[in-house]
Amino acid sequence: PTVDVSSLIDTTNGVVDRAIFTNREIYEQELRRVFAPSWLFLGHVSQLTKKGDFFTTYMGEDPVIVSMDQDKKIQAFLNSCRHRGARVCRADAGNTKAFSCTYHGWAFDLQGKLQNVPNEAGYNEKFDREAWGLVPVAQLDTYRGLIFATWNPKAPPLPEALGDMAWYMDAMLNRDPEGTEVVGGVMKWVLKGNWKLAAEQFATDWYHVNMSHASALMVLSPTGKGPVSGIANTPGRQYVDPQGHGAGFPTHPKSRFDAQAVHEHYDYDALRDRLGAARVEGPMTTGHATVFPNFSYLPVNGSIRIWHPKGPDEMEVWAWTLLDKSMPPEVKEAQRLYNLRTFGPSGIFESDDGENWSEVQAISHGFITNNTPLNYQMGLGSERHDGVYPGTTSELYSDAAGRSFYARWADLMNTPAWHEETE
Ligand code: FES
C-alpha cells in the first residue's frame, strides 16, 4: 500500500500533519521512497586510511559495510549474507582481509565478492559464486572528505544533488587547504523521536535557540548573565534549497561560540580571502545545516551527525568531531572537548534538543493530538534571492527551509522510486 501524502503537507500555507511523525506505513514508505533513492552520508574518508580498513553503518535501516579495498578504493555494500541473511560484519570498525559470516562461514572480500564457501562441493555446477556477492551500492562519491552513497542507479551525480548547498558546506569543509579529518571515534546514542524532527530542526530552526538553550547560553557567557538578548536580535539568513537541504546562520563575526583556542588559531583575513567575507561572517559562524535527508552539521562546533531512522518513534544519532587537518594538536584537542561539552551525547545544547524531540514524540500518538496539525508559517513568502548568498534565502528566524524540506520529502513520497518502475 502507498500513502498519498499530499493532504499531510501544505507548504503553501505552512501546515504539517503529525501523522508524518507517527504512522508506521508512512515510515515504511520513507524507507522505500526517501532513503533508498537518495544520496546518504556514510562517513569521512579519514576513517579509512589503509587497505582493509572498514567501518559499518546504516543507509536508512539497511546495514552497510564501508571498506578500503586492495586498490585503496572505497567500497560500500549491504552487510547481510546472501546465504541466510546474517550480518557478515558485527564490528563497528577495524582492519581485515575478508568478512567471514559467523553462521556457516561464507567469506567475502573487501569488495563484497564471495571468496570462500565451506563445503562448496555440496553445491552442484549451477552454483555461481559471482552471483552471490554482497549487494553493492549503486553509486558512491565523496565531497571534500564526506563519503556519500545511494542504492539508486538513476540518482543524479552527487555534485548535482548537493547543488548550491556545497557553497554553504564549504564554510566548514574548505577552511583549510589540507581539508578536514575526524577525531575521537563515532559517538552513538538512541533518542525517542522521529528522525525528521532532528533533520528539520537543523535545516530550519534558529527560533528555538533563545528559549531552549537559554541556560546553556548563560553558562557560556563571560558575564554569566547570558548573551540572550544579543542572540535574540542577531541578524542572519537561512538558506532554502529546492532539494530539501537547509542552513541557518547569524551574519555577525562575533556570533561564534567556539573554543577560544580555535578563535585564536584562525587567521580571519586569510579565511576571508579564501572563502569570501560573506561566507566567513555568515555560514562559518554559529550556524546549523542539514543535507537532505538525514545528515546535519554545525560548522562552529565541528559536529557532523546522521539521524538514523529506527522506526517512526526512534532515531539513533551518530556524531563525529570534524576538524581542520592543519590545526595544531592543542587546538584540535580544545575543539574536540568543546564539541563534547556542547554537542556530545550529554552536551549542554544537545540534551536540550533531544529532550524537545522526545517530548514532542511522546504525546504525538494521542488521537486528538495526532489530528491537530502543526504550524510552519514563519517567514511565509519571505524567500528570495538576496544578491549575497547563492540560491534562495529567507530570514534567520523562519520556517522556509523546513517547508522546502517537507516539500522535497512529499515529492519523493509521492513519486515511484527507481525500484518501482515497471519497464
Ligand atoms: Fe552467512 Fe550462512 S548466513 S554463511
# chains A, B, ... in the order shown; residues from 1 in each chain; ligands from 1
>>> residues_near_ligand(ligand="ligand 1", cutoff="9 Å", atoms="only C-alpha atoms and all ligand atoms", output="count of residues only")
19
>>> residues_around(residues="Arg408 of chain A", least_positions_apart="6", cutoff="8 Å", atoms="only C-alpha atoms", output="MDAnalysis selection string")
chainID A and resid 242:244
>>> select_by_dssp(residues="segment 163-392 of chain A", states="helix (DSSP H, G or I)", output="ChimeraX atom specification")
/A:165-173,195-204,209-212,214-220,228-232,253-255,260-265,268-275,277-280,329-343,350-363,367-370
>>> write_last_selection(atoms="C-alpha atoms", output="PDB file, in the first residue's frame")
ATOM      1  CA  MET A 165      24.351  23.603  -0.679  1.00  0.00           C
ATOM      2  CA  ALA A 166      28.003  22.790  -1.441  1.00  0.00           C
ATOM      3  CA  TRP A 167      28.859  26.505  -1.203  1.00  0.00           C
ATOM      4  CA  TYR A 168      27.467  26.586   2.344  1.00  0.00           C
ATOM      5  CA  MET A 169      29.136  23.276   3.268  1.00  0.00           C
ATOM      6  CA  ASP A 170      32.486  24.704   2.189  1.00  0.00           C
ATOM      7  CA  ALA A 171      32.315  27.131   5.130  1.00  0.00           C
ATOM      8  CA  MET A 172      33.151  24.046   7.200  1.00  0.00           C
ATOM      9  CA  LEU A 173      34.889  21.774   4.706  1.00  0.00           C
ATOM     10  CA  TRP A 195      14.293  11.312  12.660  1.00  0.00           C
ATOM     11  CA  LYS A 196      12.639  14.225  10.785  1.00  0.00           C
ATOM     12  CA  LEU A 197      12.264  16.255  13.988  1.00  0.00           C
ATOM     13  CA  ALA A 198      16.038  16.460  14.224  1.00  0.00           C
ATOM     14  CA  ALA A 199      16.781  16.803  10.490  1.00  0.00           C
ATOM     15  CA  GLU A 200      14.189  19.551  10.060  1.00  0.00           C
ATOM     16  CA  GLN A 201      15.431  21.494  13.098  1.00  0.00           C
ATOM     17  CA  PHE A 202      18.997  21.500  11.809  1.00  0.00           C
ATOM     18  CA  ALA A 203      17.735  22.680   8.414  1.00  0.00           C
ATOM     19  CA  THR A 204      15.496  25.494   9.562  1.00  0.00           C
ATOM     20  CA  VAL A 209      17.859  28.813  20.397  1.00  0.00           C
ATOM     21  CA  ASN A 210      16.871  31.665  22.704  1.00  0.00           C
ATOM     22  CA  MET A 211      14.322  29.638  24.630  1.00  0.00           C
ATOM     23  CA  SER A 212      15.564  26.041  24.604  1.00  0.00           C
ATOM     24  CA  ALA A 214      18.813  29.912  27.395  1.00  0.00           C
ATOM     25  CA  SER A 215      20.573  28.315  30.339  1.00  0.00           C
ATOM     26  CA  ALA A 216      23.337  26.832  28.164  1.00  0.00           C
ATOM     27  CA  LEU A 217      23.961  30.262  26.653  1.00  0.00           C
ATOM     28  CA  MET A 218      24.263  31.741  30.136  1.00  0.00           C
ATOM     29  CA  VAL A 219      26.859  29.126  31.050  1.00  0.00           C
ATOM     30  CA  LEU A 220      28.913  30.116  28.013  1.00  0.00           C
ATOM     31  CA  VAL A 228      20.404  36.025  25.340  1.00  0.00           C
ATOM     32  CA  SER A 229      19.125  39.386  24.168  1.00  0.00           C
ATOM     33  CA  GLY A 230      22.162  39.739  21.885  1.00  0.00           C
ATOM     34  CA  ILE A 231      21.346  36.409  20.316  1.00  0.00           C
ATOM     35  CA  ALA A 232      17.638  37.186  20.085  1.00  0.00           C
ATOM     36  CA  PRO A 253      31.589  37.767  13.109  1.00  0.00           C
ATOM     37  CA  LYS A 254      31.139  37.897  16.871  1.00  0.00           C
ATOM     38  CA  SER A 255      28.413  35.281  16.808  1.00  0.00           C
ATOM     39  CA  GLN A 260      38.836  30.304  22.446  1.00  0.00           C
ATOM     40  CA  ALA A 261      41.842  28.347  21.158  1.00  0.00           C
ATOM     41  CA  VAL A 262      40.083  27.913  17.813  1.00  0.00           C
ATOM     42  CA  HIS A 263      39.331  31.646  17.618  1.00  0.00           C
ATOM     43  CA  GLU A 264      42.945  32.449  18.244  1.00  0.00           C
ATOM     44  CA  HIS A 265      44.114  29.884  15.705  1.00  0.00           C
ATOM     45  CA  TYR A 268      40.254  35.619   9.663  1.00  0.00           C
ATOM     46  CA  ASP A 269      41.796  37.828   6.945  1.00  0.00           C
ATOM     47  CA  ALA A 270      43.233  34.747   5.217  1.00  0.00           C
ATOM     48  CA  LEU A 271      39.875  32.989   5.577  1.00  0.00           C
ATOM     49  CA  ARG A 272      38.092  35.984   4.018  1.00  0.00           C
ATOM     50  CA  ASP A 273      40.493  35.793   1.064  1.00  0.00           C
ATOM     51  CA  ARG A 274      39.844  32.072   0.718  1.00  0.00           C
ATOM     52  CA  LEU A 275      36.088  31.856   1.272  1.00  0.00           C
ATOM     53  CA  ALA A 277      33.736  37.746   3.684  1.00  0.00           C
ATOM     54  CA  ALA A 278      30.049  36.829   3.279  1.00  0.00           C
ATOM     55  CA  ARG A 279      30.797  33.186   3.921  1.00  0.00           C
ATOM     56  CA  VAL A 280      33.200  33.772   6.838  1.00  0.00           C
ATOM     57  CA  PRO A 329      47.279  19.345  18.251  1.00  0.00           C
ATOM     58  CA  GLU A 330      46.338  21.552  21.210  1.00  0.00           C
ATOM     59  CA  VAL A 331      43.764  23.442  19.092  1.00  0.00           C
ATOM     60  CA  LYS A 332      42.320  20.149  17.875  1.00  0.00           C
ATOM     61  CA  GLU A 333      42.027  18.906  21.430  1.00  0.00           C
ATOM     62  CA  ALA A 334      40.379  22.156  22.562  1.00  0.00           C
ATOM     63  CA  GLN A 335      37.821  21.896  19.758  1.00  0.00           C
ATOM     64  CA  ARG A 336      37.176  18.195  20.429  1.00  0.00           C
ATOM     65  CA  LEU A 337      36.457  18.896  24.107  1.00  0.00           C
ATOM     66  CA  TYR A 338      34.385  21.947  23.203  1.00  0.00           C
ATOM     67  CA  ASN A 339      32.255  19.866  20.858  1.00  0.00           C
ATOM     68  CA  LEU A 340      31.782  17.217  23.566  1.00  0.00           C
ATOM     69  CA  ARG A 341      30.727  19.814  26.143  1.00  0.00           C
ATOM     70  CA  THR A 342      28.207  21.420  23.817  1.00  0.00           C
ATOM     71  CA  PHE A 343      27.013  18.788  21.306  1.00  0.00           C
ATOM     72  CA  GLU A 350      22.468  18.539  22.714  1.00  0.00           C
ATOM     73  CA  SER A 351      20.481  17.478  25.768  1.00  0.00           C
ATOM     74  CA  ASP A 352      18.110  20.452  25.329  1.00  0.00           C
ATOM     75  CA  ASP A 353      17.410  19.400  21.736  1.00  0.00           C
ATOM     76  CA  GLY A 354      16.978  15.700  22.462  1.00  0.00           C
ATOM     77  CA  GLU A 355      14.521  16.444  25.244  1.00  0.00           C
ATOM     78  CA  ASN A 356      12.401  18.603  22.930  1.00  0.00           C
ATOM     79  CA  TRP A 357      12.184  15.927  20.232  1.00  0.00           C
ATOM     80  CA  SER A 358      11.380  13.136  22.703  1.00  0.00           C
ATOM     81  CA  GLU A 359       8.775  15.345  24.380  1.00  0.00           C
ATOM     82  CA  VAL A 360       7.070  16.079  21.040  1.00  0.00           C
ATOM     83  CA  GLN A 361       7.091  12.390  20.084  1.00  0.00           C
ATOM     84  CA  ALA A 362       5.872  11.150  23.481  1.00  0.00           C
ATOM     85  CA  ILE A 363       2.462  12.798  23.106  1.00  0.00           C
ATOM     86  CA  PHE A 367      -5.843  10.567  18.841  1.00  0.00           C
ATOM     87  CA  ILE A 368      -6.831  14.213  19.184  1.00  0.00           C
ATOM     88  CA  THR A 369      -3.184  15.282  19.389  1.00  0.00           C
ATOM     89  CA  ASN A 370      -2.300  13.394  16.223  1.00  0.00           C
TER      90      ASN A 370
END
>>> residues_around(residues="segment 150-162 of chain A", least_positions_apart="5", cutoff="7 Å", atoms="only C-alpha atoms", output="list in words")
Ala36, Pro37, Ser38, Trp39, Leu40, Val137, Ala138, Gln139, Leu140, Asp141 and Trp418 of chain A
>>> select_by_dssp(residues="segment 99-211 of chain A", states="strand (DSSP E or B)", output="number ranges by chain")
A: 99-100, 107-108, 114-116, 136, 139-143, 146-150, 180-192, 205
>>> residues_around(residues="Arg90 of chain A", least_positions_apart="5", cutoff="10 Å", atoms="only C-alpha atoms", output="PyMOL selection string")
chain A and resi 55-56+65+79+99+101-102
